[in-house]
Amino acid sequence: MKELSVNHLLGIKYVTEDDIQLIFETADHFKEVINRPIKKVPSLRDITIANLFFENSTRTRLSFELAEKRLSADVINFSAASSSVKKGETLIDTVNNILSMKVDMVVMRHPNPGAGVFLSKHVNASIVNAGDGAHEHPTQALLDAYSIREKLGDVAGKKVVIVGDILHSRVALSNIFALQKLGASVKVCGPKTLIPKYIESLNVSFEPNLRKALEWCDVANMLRVQNERMDISFFPSTREYTQQFGVNKKLLDSLNKEIVLMHPGPINRGVEITSDVADSKQAIILDQVQNGVAVRMAVLYLLASKIQHNED
Amino acid sequence: MKILLKSATIVDPSGKHHLKQRDILIEKGIIIKIAATIPNDKKIKEVVLKDLHISQGWFDPSVSFGEPGYEERETIDTGLQTAALSGFAHVAVNANTQPITDSKSNIKYLRSKAEGHAVNLYPIGALTVESKGIDLAELYDMQNEGAVSFYDHKKPISNANLLKIALQYTQSFDGLVQSFPFETSVARNGMVNEEINSTRLGLKGIPALSEELQLVRDLHLLAYTGGKLHVPTISTKKSVALVKEAKKKGLNVTCSVALSNLILTDDLLETFDTNYKVLPPLRTKEDSKALLKGLKEGTIDGVTSDHNPIDVEHKKIEFDHAYFGSIGLESCFGGLHKEMNVEAAVSALTNLKSVFKIPSERIEEGNKATLTLFNPNVKWTFTKDDIMSTSANSAFLGETLKGKAYGIFSNDQLILNS
């Protein structure tokens, strides 16, 4: 049986193209499963998974939880808002306390870059990074690439532009790594204040003009403006942002081709994209959400099989 | 105490015994005799060590010991012992204590704690009250009590007029002002060098620009005020060029570089290891090459270990939350000597004595013996077992080093690694 080259999913930069293809093939199978009348399989019935969310999340947490339950894993949930973290407990202690209750895998979201890498060195469990600061959000990138593959047949050779706040975005970084590993070309577009100065060192070019970016691409991934991560103002007003970097139907229709539009959610309707665009057939936003469950099932299944394999 | 150092190669570039292998007889802290061989018929205690080299006692212009206030990181006693065994006979201790060293009584306390120790401790006073960057501390009073310089540790003097006044005010008593080159509004809450690695790792960047902007400003102020300025721990290629140009113009500016910036780069951040979280941040290979060149050419006046012990509770945590800093005394000479020859390495560890007005005496008969004993030729890998400091936050773990200190002879005491 094929297996992943890693014991944790800490970021796309740590996996190979073969790993990604294996995850996609496994996700194809699970996508079929979750569309059956009985959506549950017993694959992880002796595995306990802790979802540790040190930062707020709705859709990622629900998606992971659903993926875990569809695989028959036992699931415990933890959120920092109501926890001992507030009382000053360290991350290692918090996680070790939970692991001492015989937890096999940890799905963690954390506000600090590298938190997953840090944890993987200090605790004995398989870690899935569900977003660490502005570092990586690997399962989001996997489901995004999976959705492109589903819509366009293949990722290789495709042109993808990521629009918006690249500076504070783990989604952008993981997407760049995943798309490049799969053979796509990537550009970023947005106000220069929200583009990392050294982005081109990742073989990503910067296009300041949204129309030109859209004319170039096959797929546009519209990121949310993350006001909560900004401690200073990076642009004068949302209104001005939208004037320059918002996609509306008129702009979309004026292009000489039909591009695919993606968004990792939650959408600020009327800011990054207007409602008529979000609800149009070119947008695959809800497909992304459905694929998210299948891809996360694949990741959890493949990592869990390594745990069992290691114990044999 | 009477001792005889046997077959020691003397590294004293300006002295007459330079690179000669000699026996050295020391009595009551004074060099009595230097000769090819000194017969030992009176059974004087002999020091015989493999490949023994001696030089003037090394000086570190920036160490932090934590006491008072942060004794869990390092005390003056353990810090001085670490310094001695790492070859340092003189250390200038930063004002980053609790309370901040910003008055005569604080200076007196530090000196009294170091009394009787082989290593000479020179306090650095805070430039401003509580290092808050608002009002000047009583600089003259502190200098009279033994402060060798004035520096708000790792904090820039954001108010340009305050630095202007400090540079003017200290001229009447020849005080040495230090200003950390760090423009906070550009550096903001950065963690690491802004470059490809910060981009790949999603860590907030500290642009080289933040250092260079402040340095340009400080050099302009110095040109206006006259007087002298010491710039601690520069870290970028452009900073080297800026200091070089300022010196060429005749400004009385000196600067140092931290060993970490000289031999390590931000490529090490890949594992998010918090031991590599230092300030100034580890920069690129291009920067470290320029720093090394600047040091060899004399643009950079000397090297500091920038020894900054941090307890494990503030290091073994998420990268964003970890404190900046690395210990460095133990690995300093070995790290430096692998990049330059022994004379240049010794010069880099002794040149700044004159800037801080630390006594310095040639290795000659009749002079006071303040010596570092070392073996420049041993190659070794720095591991946890080599840490002598109370804290273990070293950025140099796993580094291959060249040369190791045996210890020091200073204040009529011989302190050697067992």
# chains A, B, ... in the order shown; residues from 1 in each chain; ligands from 1
>>> interface_residues(of="chain B", to="chain A", cutoff="7 Å", atoms="only C-alpha atoms", output="PyMOL selection string")
chain B and resi 195-196+199+201-203+272+318-320
>>> select_by_dssp(residues="stretch 93-298 of chain B", states="strand (DSSP E)", output="list in words")
Val93, Asn120, Leu121, Tyr122, Pro123, Ile124, Gly125, Ser149, Phe150, Val177, Gln178, Val192, Asn193, Gly205, Ile206, Leu229, His230, Val231, Val253, Thr254, Cys255, Ser256, Val257 and Ala258 of chain B
>>> select_by_dssp(residues="stretch 88-186 of chain A", states="alpha helix (DSSP H)", output="ChimeraX atom specification")
/A:91-99,115-122,138-152,170-181
>>> residues_around(residues="A:Thr48", least_positions_apart="5", cutoff="7 Å", atoms="only C-alpha atoms", output="MDAnalysis selection string")
chainID A and resid 73:75 103:105
>>> write_last_selection(atoms="N, CA and C atoms", output="PDB file, in the first residue's frame")
ATOM      1  N   ALA A  73     -13.871   8.081  13.846  1.00  0.00           N
ATOM      2  CA  ALA A  73     -12.894   8.344  14.911  1.00  0.00           C
ATOM      3  C   ALA A  73     -13.623   8.883  16.131  1.00  0.00           C
ATOM      4  N   ASP A  74     -12.993   8.693  17.314  1.00  0.00           N
ATOM      5  CA  ASP A  74     -13.511   9.380  18.504  1.00  0.00           C
ATOM      6  C   ASP A  74     -12.932  10.783  18.497  1.00  0.00           C
ATOM      7  N   VAL A  75     -13.765  11.760  18.805  1.00  0.00           N
ATOM      8  CA  VAL A  75     -13.346  13.152  18.632  1.00  0.00           C
ATOM      9  C   VAL A  75     -13.534  13.937  19.921  1.00  0.00           C
ATOM     10  N   VAL A 103      -4.777  10.137  23.288  1.00  0.00           N
ATOM     11  CA  VAL A 103      -5.197  10.702  22.009  1.00  0.00           C
ATOM     12  C   VAL A 103      -4.128  10.356  20.970  1.00  0.00           C
ATOM     13  N   ASP A 104      -4.554   9.976  19.796  1.00  0.00           N
ATOM     14  CA  ASP A 104      -3.595   9.538  18.772  1.00  0.00           C
ATOM     15  C   ASP A 104      -3.170  10.667  17.837  1.00  0.00           C
ATOM     16  N   MET A 105      -4.121  11.532  17.534  1.00  0.00           N
ATOM     17  CA  MET A 105      -3.817  12.586  16.561  1.00  0.00           C
ATOM     18  C   MET A 105      -4.301  13.929  17.081  1.00  0.00           C
TER      19      MET A 105
END
>>> decode(residues="stretch 248-260 of chain A", atoms="all heavy atoms", output="PDB file, in the first residue's frame")
ATOM      1  N   ASN A 248     -16.324  42.094  -9.681  1.00  0.00           N
ATOM      2  CA  ASN A 248     -17.772  42.175  -9.872  1.00  0.00           C
ATOM      3  C   ASN A 248     -18.134  41.538 -11.221  1.00  0.00           C
ATOM      4  O   ASN A 248     -17.255  41.185 -12.014  1.00  0.00           O
ATOM      5  CB  ASN A 248     -18.258  43.632  -9.782  1.00  0.00           C
ATOM      6  CG  ASN A 248     -17.519  44.529 -10.757  1.00  0.00           C
ATOM      7  OD1 ASN A 248     -17.283  44.148 -11.911  1.00  0.00           O
ATOM      8  ND2 ASN A 248     -17.126  45.723 -10.303  1.00  0.00           N
ATOM      9  N   LYS A 249     -19.413  41.389 -11.440  1.00  0.00           N
ATOM     10  CA  LYS A 249     -19.897  40.666 -12.623  1.00  0.00           C
ATOM     11  C   LYS A 249     -19.461  41.364 -13.911  1.00  0.00           C
ATOM     12  O   LYS A 249     -19.086  40.704 -14.892  1.00  0.00           O
ATOM     13  CB  LYS A 249     -21.440  40.589 -12.543  1.00  0.00           C
ATOM     14  CG  LYS A 249     -22.046  39.547 -13.457  1.00  0.00           C
ATOM     15  CD  LYS A 249     -21.938  38.139 -12.861  1.00  0.00           C
ATOM     16  CE  LYS A 249     -22.665  37.100 -13.679  1.00  0.00           C
ATOM     17  NZ  LYS A 249     -22.016  36.739 -14.917  1.00  0.00           N
ATOM     18  N   LYS A 250     -19.481  42.681 -13.856  1.00  0.00           N
ATOM     19  CA  LYS A 250     -19.134  43.449 -15.056  1.00  0.00           C
ATOM     20  C   LYS A 250     -17.683  43.155 -15.479  1.00  0.00           C
ATOM     21  O   LYS A 250     -17.387  42.911 -16.651  1.00  0.00           O
ATOM     22  CB  LYS A 250     -19.311  44.947 -14.750  1.00  0.00           C
ATOM     23  CG  LYS A 250     -19.316  45.838 -15.965  1.00  0.00           C
ATOM     24  CD  LYS A 250     -19.636  47.276 -15.547  1.00  0.00           C
ATOM     25  CE  LYS A 250     -18.965  48.241 -16.501  1.00  0.00           C
ATOM     26  NZ  LYS A 250     -18.795  49.557 -15.919  1.00  0.00           N
ATOM     27  N   LEU A 251     -16.829  43.151 -14.502  1.00  0.00           N
ATOM     28  CA  LEU A 251     -15.411  42.869 -14.773  1.00  0.00           C
ATOM     29  C   LEU A 251     -15.252  41.444 -15.306  1.00  0.00           C
ATOM     30  O   LEU A 251     -14.547  41.204 -16.296  1.00  0.00           O
ATOM     31  CB  LEU A 251     -14.584  43.068 -13.492  1.00  0.00           C
ATOM     32  CG  LEU A 251     -13.108  42.688 -13.541  1.00  0.00           C
ATOM     33  CD1 LEU A 251     -12.354  43.503 -14.596  1.00  0.00           C
ATOM     34  CD2 LEU A 251     -12.446  42.912 -12.182  1.00  0.00           C
ATOM     35  N   LEU A 252     -15.949  40.533 -14.662  1.00  0.00           N
ATOM     36  CA  LEU A 252     -15.847  39.126 -15.050  1.00  0.00           C
ATOM     37  C   LEU A 252     -16.339  38.917 -16.489  1.00  0.00           C
ATOM     38  O   LEU A 252     -15.710  38.222 -17.287  1.00  0.00           O
ATOM     39  CB  LEU A 252     -16.704  38.299 -14.077  1.00  0.00           C
ATOM     40  CG  LEU A 252     -16.256  36.885 -13.776  1.00  0.00           C
ATOM     41  CD1 LEU A 252     -14.806  36.839 -13.315  1.00  0.00           C
ATOM     42  CD2 LEU A 252     -17.162  36.285 -12.706  1.00  0.00           C
ATOM     43  N   ASP A 253     -17.460  39.556 -16.811  1.00  0.00           N
ATOM     44  CA  ASP A 253     -18.044  39.388 -18.147  1.00  0.00           C
ATOM     45  C   ASP A 253     -17.214  40.060 -19.231  1.00  0.00           C
ATOM     46  O   ASP A 253     -17.286  39.693 -20.407  1.00  0.00           O
ATOM     47  CB  ASP A 253     -19.470  39.954 -18.164  1.00  0.00           C
ATOM     48  CG  ASP A 253     -20.419  39.072 -17.362  1.00  0.00           C
ATOM     49  OD1 ASP A 253     -20.030  37.919 -17.077  1.00  0.00           O
ATOM     50  OD2 ASP A 253     -21.512  39.540 -17.003  1.00  0.00           O
ATOM     51  N   SER A 254     -16.422  41.059 -18.836  1.00  0.00           N
ATOM     52  CA  SER A 254     -15.636  41.772 -19.845  1.00  0.00           C
ATOM     53  C   SER A 254     -14.358  41.019 -20.227  1.00  0.00           C
ATOM     54  O   SER A 254     -13.651  41.407 -21.152  1.00  0.00           O
ATOM     55  CB  SER A 254     -15.276  43.173 -19.331  1.00  0.00           C
ATOM     56  OG  SER A 254     -14.326  43.060 -18.294  1.00  0.00           O
ATOM     57  N   LEU A 255     -14.047  39.951 -19.490  1.00  0.00           N
ATOM     58  CA  LEU A 255     -12.853  39.169 -19.846  1.00  0.00           C
ATOM     59  C   LEU A 255     -13.159  38.337 -21.087  1.00  0.00           C
ATOM     60  O   LEU A 255     -14.308  37.955 -21.317  1.00  0.00           O
ATOM     61  CB  LEU A 255     -12.454  38.245 -18.695  1.00  0.00           C
ATOM     62  CG  LEU A 255     -12.169  38.932 -17.354  1.00  0.00           C
ATOM     63  CD1 LEU A 255     -11.928  37.893 -16.263  1.00  0.00           C
ATOM     64  CD2 LEU A 255     -10.970  39.861 -17.468  1.00  0.00           C
ATOM     65  N   ASN A 256     -12.106  38.020 -21.839  1.00  0.00           N
ATOM     66  CA  ASN A 256     -12.369  37.284 -23.065  1.00  0.00           C
ATOM     67  C   ASN A 256     -12.395  35.763 -22.866  1.00  0.00           C
ATOM     68  O   ASN A 256     -12.316  34.997 -23.803  1.00  0.00           O
ATOM     69  CB  ASN A 256     -11.342  37.671 -24.138  1.00  0.00           C
ATOM     70  CG  ASN A 256      -9.931  37.491 -23.621  1.00  0.00           C
ATOM     71  OD1 ASN A 256      -9.724  36.883 -22.567  1.00  0.00           O
ATOM     72  ND2 ASN A 256      -8.963  38.024 -24.359  1.00  0.00           N
ATOM     73  N   LYS A 257     -12.459  35.350 -21.597  1.00  0.00           N
ATOM     74  CA  LYS A 257     -12.580  33.911 -21.316  1.00  0.00           C
ATOM     75  C   LYS A 257     -13.307  33.714 -19.998  1.00  0.00           C
ATOM     76  O   LYS A 257     -13.492  34.671 -19.230  1.00  0.00           O
ATOM     77  CB  LYS A 257     -11.188  33.273 -21.253  1.00  0.00           C
ATOM     78  CG  LYS A 257     -10.309  33.864 -20.169  1.00  0.00           C
ATOM     79  CD  LYS A 257      -8.967  33.195 -20.151  1.00  0.00           C
ATOM     80  CE  LYS A 257      -8.045  33.917 -19.183  1.00  0.00           C
ATOM     81  NZ  LYS A 257      -6.727  33.387 -19.133  1.00  0.00           N
ATOM     82  N   GLU A 258     -13.686  32.472 -19.767  1.00  0.00           N
ATOM     83  CA  GLU A 258     -14.414  32.189 -18.535  1.00  0.00           C
ATOM     84  C   GLU A 258     -13.458  31.606 -17.505  1.00  0.00           C
ATOM     85  O   GLU A 258     -12.984  30.474 -17.661  1.00  0.00           O
ATOM     86  CB  GLU A 258     -15.544  31.198 -18.841  1.00  0.00           C
ATOM     87  CG  GLU A 258     -16.511  31.078 -17.693  1.00  0.00           C
ATOM     88  CD  GLU A 258     -17.797  30.367 -18.106  1.00  0.00           C
ATOM     89  OE1 GLU A 258     -18.562  30.932 -18.919  1.00  0.00           O
ATOM     90  OE2 GLU A 258     -17.997  29.240 -17.623  1.00  0.00           O
ATOM     91  N   ILE A 259     -13.152  32.400 -16.485  1.00  0.00           N
ATOM     92  CA  ILE A 259     -12.213  31.902 -15.474  1.00  0.00           C
ATOM     93  C   ILE A 259     -12.984  31.273 -14.318  1.00  0.00           C
ATOM     94  O   ILE A 259     -14.185  31.496 -14.153  1.00  0.00           O
ATOM     95  CB  ILE A 259     -11.299  33.033 -14.941  1.00  0.00           C
ATOM     96  CG1 ILE A 259     -12.114  34.124 -14.238  1.00  0.00           C
ATOM     97  CG2 ILE A 259     -10.446  33.619 -16.051  1.00  0.00           C
ATOM     98  CD1 ILE A 259     -11.270  35.081 -13.424  1.00  0.00           C
ATOM     99  N   VAL A 260     -12.270  30.497 -13.518  1.00  0.00           N
ATOM    100  CA  VAL A 260     -12.866  29.864 -12.337  1.00  0.00           C
ATOM    101  C   VAL A 260     -12.549  30.742 -11.129  1.00  0.00           C
ATOM    102  O   VAL A 260     -11.427  31.227 -10.977  1.00  0.00           O
ATOM    103  CB  VAL A 260     -12.272  28.449 -12.127  1.00  0.00           C
ATOM    104  CG1 VAL A 260     -12.793  27.820 -10.838  1.00  0.00           C
ATOM    105  CG2 VAL A 260     -12.577  27.564 -13.330  1.00  0.00           C
TER     106      VAL A 260
END
